[in-house]
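> Quick one: the structure is below, and I'll ask about it shortly.
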Amino acid sequence: MGLKDIQKEFVKLSLNKEAREDAFDSDSIGSNEFEHLKLAINRHAYSLIRKRLGVVKSILRITRMVMGDAFDEEFIKFAQVSEVPSGINRHRKDSIMFADWLVNLKRGSKLFQPLKVLLSHELQPIHMWMNKKSFSIKCYNRSPHQMMDFCENSLPISKARISPTIVIWWETRRGVSCYRWQSFSL
Amino acid sequence: MSSDLDKLVDIPVLGSGIGYREPWSQNLLSESGDGVDFLEITADHFMDAPNWKIDQLKELSKKFTLIPHALDLSLGSSDGIDQVYLEKLQSVIEVVSPPYWSEHLAFTKAGGLELGHLAPLPFSNEAIDVIANNVQKSREYIKLPLILENITYGIKMPGNEMSESEFITKSLSAADCGWLLDVTNLHVNSVNHSFDVKQFLEETPTERVVQLHYVGFSSNDKGYLIDDHGSAVNEEIWELMDQVLCLCPAKGTILERDSKFPKFSEIIDETQRARGIGKKYKRWD
């Protein structure tokens with residue numbers, strides 16, 4: 001096996017759960033150069049996912065607080081079946097893709113609408129970075145800030161009332177993302 | 001024609017620095033940042049960045065020498081290097097005008113997929129040729145001297161033909177690069193793969209060392225060491241720093257803390273201690 005094949009196989013096994021299962025099942029013993037590294041490869045694959053999770057957690061900090069350990073569990077499921085994003089913005093893309101996954105997961109539940117708003121709010125600085133925008137306006141049917149307060153006080157965000165909210169974002173010269181919001185009672 | 005090794009000798013002494021991290025930006029630009037001699041920036045964090053981020057870089061470069069450290073060029077990829085990434089890297093390097101730049105003896109991409117993390121190369125002649133060719137290609141874009149870092153590895157890749165020390169020696173020679181000796185990675189590998197650090201240093205080209213990396217490590221319940229970049233510098237690392245700075249003509253050291261950030265004053269204390277070791281061996285004043 002030349003370097004090209006070794007690298008290709010290693011990357012495939014590290015990123016793809018099905019490939020690992022195929023390569024390391026009892027019928028294919030001896031057919032794979034990495035067979036004796038089964039444990040190490042599985043450990044490596046898991047540590048790559050944990051590394052991705054660490055970055056996504058720091059981006060979706062409030063959502064992580066809302067969901068608790070279920071956030072980590074869902075990310076591990078998501079990471080095992082989704083394509084690993086590539087390029088300079090891969091962690092940002094990962095966060096956006098995982099946010100979509102969570103929204104789909106909660107579709108039909110009481111958490112769906114509030115979570116959708118919260119995720120959109122948390123991802124706004126990411127979208128601004130990727131689109132090189134220093135100013136943006138977002139409109140929501142609930143107040144992200146109210147949900148953040150709920151979260152800080154360990155209250156369920158599903159209790160957030162309908163309250164049309166406008167959020168204005170801007171970035172300072174030092175790169176700090178700031179926002180002001182105005183909510184309206186119905 | 002002068003080699004990179006000749007150019008590296010001419011690099012000015014840099015002293016004791018730290019890896020630039022966002023939470024420390026205000027400290028660094030204030031008086032407390034005077035305890036840092038130079039900064040290493042992660043080049044990837046400034047690629048495709050908005051203007052404010054590039055302005056931040058320019059502001060830092062007024063006070064500090066900035067050394068770009070790239071993570072994802074994948075110099076060990078047999079597929080060759082990613083030209084788009086190389087161009088982005090070149091743009092960042094142009095902003096900071098450093099005396100040199102750094103990457104890893106590793107690969108991160110293969111078969112059109114990205115690992116998102118450094119992976120070890122087989123210690124083989126083929127891998128050495130790939131490194132040399134990819135470094136040559138990178139020089140078409142980035143004319144500055146390049147130094148390459150030794151990484152930690154949990155997996156010994158299939159296809160090993162030599163020891164790690166021989167692989168590093170031959171790779172640096174074939175690619176004509178300096179060595180970014182990561183002292184923590186060396187210690188972690190020596191424990192996890194049971195080899196003698198002193199012998200390793202005798203077998204490797206310490207005259208090529210330009211810069212050091214160091215940070216604390218942690219260990220798991222089986223005694224396996226982890227370079228988590230999130231701990232205070234352990235005494236074992238300080239001892240090894242002492243041995244290494246006694247042996248190697250390093251121009252500077254970089255504290256590479258990436259997580260569980262302590263107070264900035266603790267970072268300054270560690271930077272000061274590294275500066276003291278360098279002074280002891282007359283690496284800098």
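By convention in this document, the chains of the structure tokens carry letters A, B, ... by their order, each chain's residues are numbered from 1, and ligands are numbered from 1 in the order they are shown.
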Show me, as a PDB file with C-alpha atoms, in the first residue's frame, the residues that have an atom within 12 Å of Leu48 (chain A) when counting only C-alpha atoms, minus same-chain residues fewer than 6 positions from it.

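And here's result-v1.pdb as it stands now:
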ATOM      1  CA  VAL A  11      -9.051   9.669   6.299  1.00  0.00           C
ATOM      2  CA  LEU A  13     -11.839   5.377   8.297  1.00  0.00           C
ATOM      3  CA  SER A  14     -11.454   8.413  10.538  1.00  0.00           C
ATOM      4  CA  LEU A  15     -14.472  10.211   9.125  1.00  0.00           C
ATOM      5  CA  ASN A  16     -16.881   7.514   8.070  1.00  0.00           C
ATOM      6  CA  ILE A  41      -8.690   4.448  14.665  1.00  0.00           C
ATOM      7  CA  ASN A  42     -11.977   4.317  16.553  1.00  0.00           C
ATOM      8  CA  GLY A  54     -16.063  21.579  21.264  1.00  0.00           C
ATOM      9  CA  VAL A  55     -16.027  24.312  18.631  1.00  0.00           C
ATOM     10  CA  ILE A  76     -22.478  12.858  17.968  1.00  0.00           C
ATOM     11  CA  ALA A  79     -21.533  13.887  13.066  1.00  0.00           C
ATOM     12  CA  GLN A  80     -21.764  10.178  12.359  1.00  0.00           C
ATOM     13  CA  VAL A  84     -17.686  16.709   7.349  1.00  0.00           C
TER      14      VAL A  84
ATOM     15  CA  THR B 108      -4.777  16.898   7.080  1.00  0.00           C
ATOM     16  CA  GLU B 114     -10.427  17.011   5.198  1.00  0.00           C
ATOM     17  CA  LEU B 115      -9.716  15.574   8.629  1.00  0.00           C
ATOM     18  CA  GLY B 116      -9.807  18.944  10.354  1.00  0.00           C
ATOM     19  CA  HIS B 117      -6.855  17.815  12.439  1.00  0.00           C
ATOM     20  CA  LEU B 118      -3.185  16.949  12.009  1.00  0.00           C
ATOM     21  CA  ALA B 119      -2.505  13.312  11.210  1.00  0.00           C
TER      22      ALA B 119
END
> Could you write out as a PyMOL selection string the residues of chain A within 10 Å of chain B, counting only C-alpha atoms?
chain A and resi 1-12+14-15+33-34+36-37+39-41+43-45+47-49+51-52+83-91+128-134+171-176
> Just the residues within 10 Å of Ser97 (chain B), please, counting only C-alpha atoms, with nothing from its chain fewer than 3 positions along; format it as an MDAnalysis selection string.
chainID B and resid 61 65:68 92:94 100:101 144
> Kindly give the distance, in Å, that separates CA of His145 (chain A) and CA of Trp170 (chain A), rounded to a single decimal.
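These two atoms are separated by 16.4 Å.
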> For each of B:Asn192, B:Ser102, B:Asn27, B:Asn160, take the minimum atom-to-atom distance to Val210 (chain B), counting only C-alpha atoms, then give the residue where this is smallest.
B:Ser102
> Which polymer residues have any atom within 12 Å of an atom of Asp228 (chain B), counting only C-alpha atoms, with same-chain residues fewer than 3 positions away left out, as a ChimeraX atom specification?
/A:47,51 /B:152,184-185,188,214-220,224-225,231-233,256-260
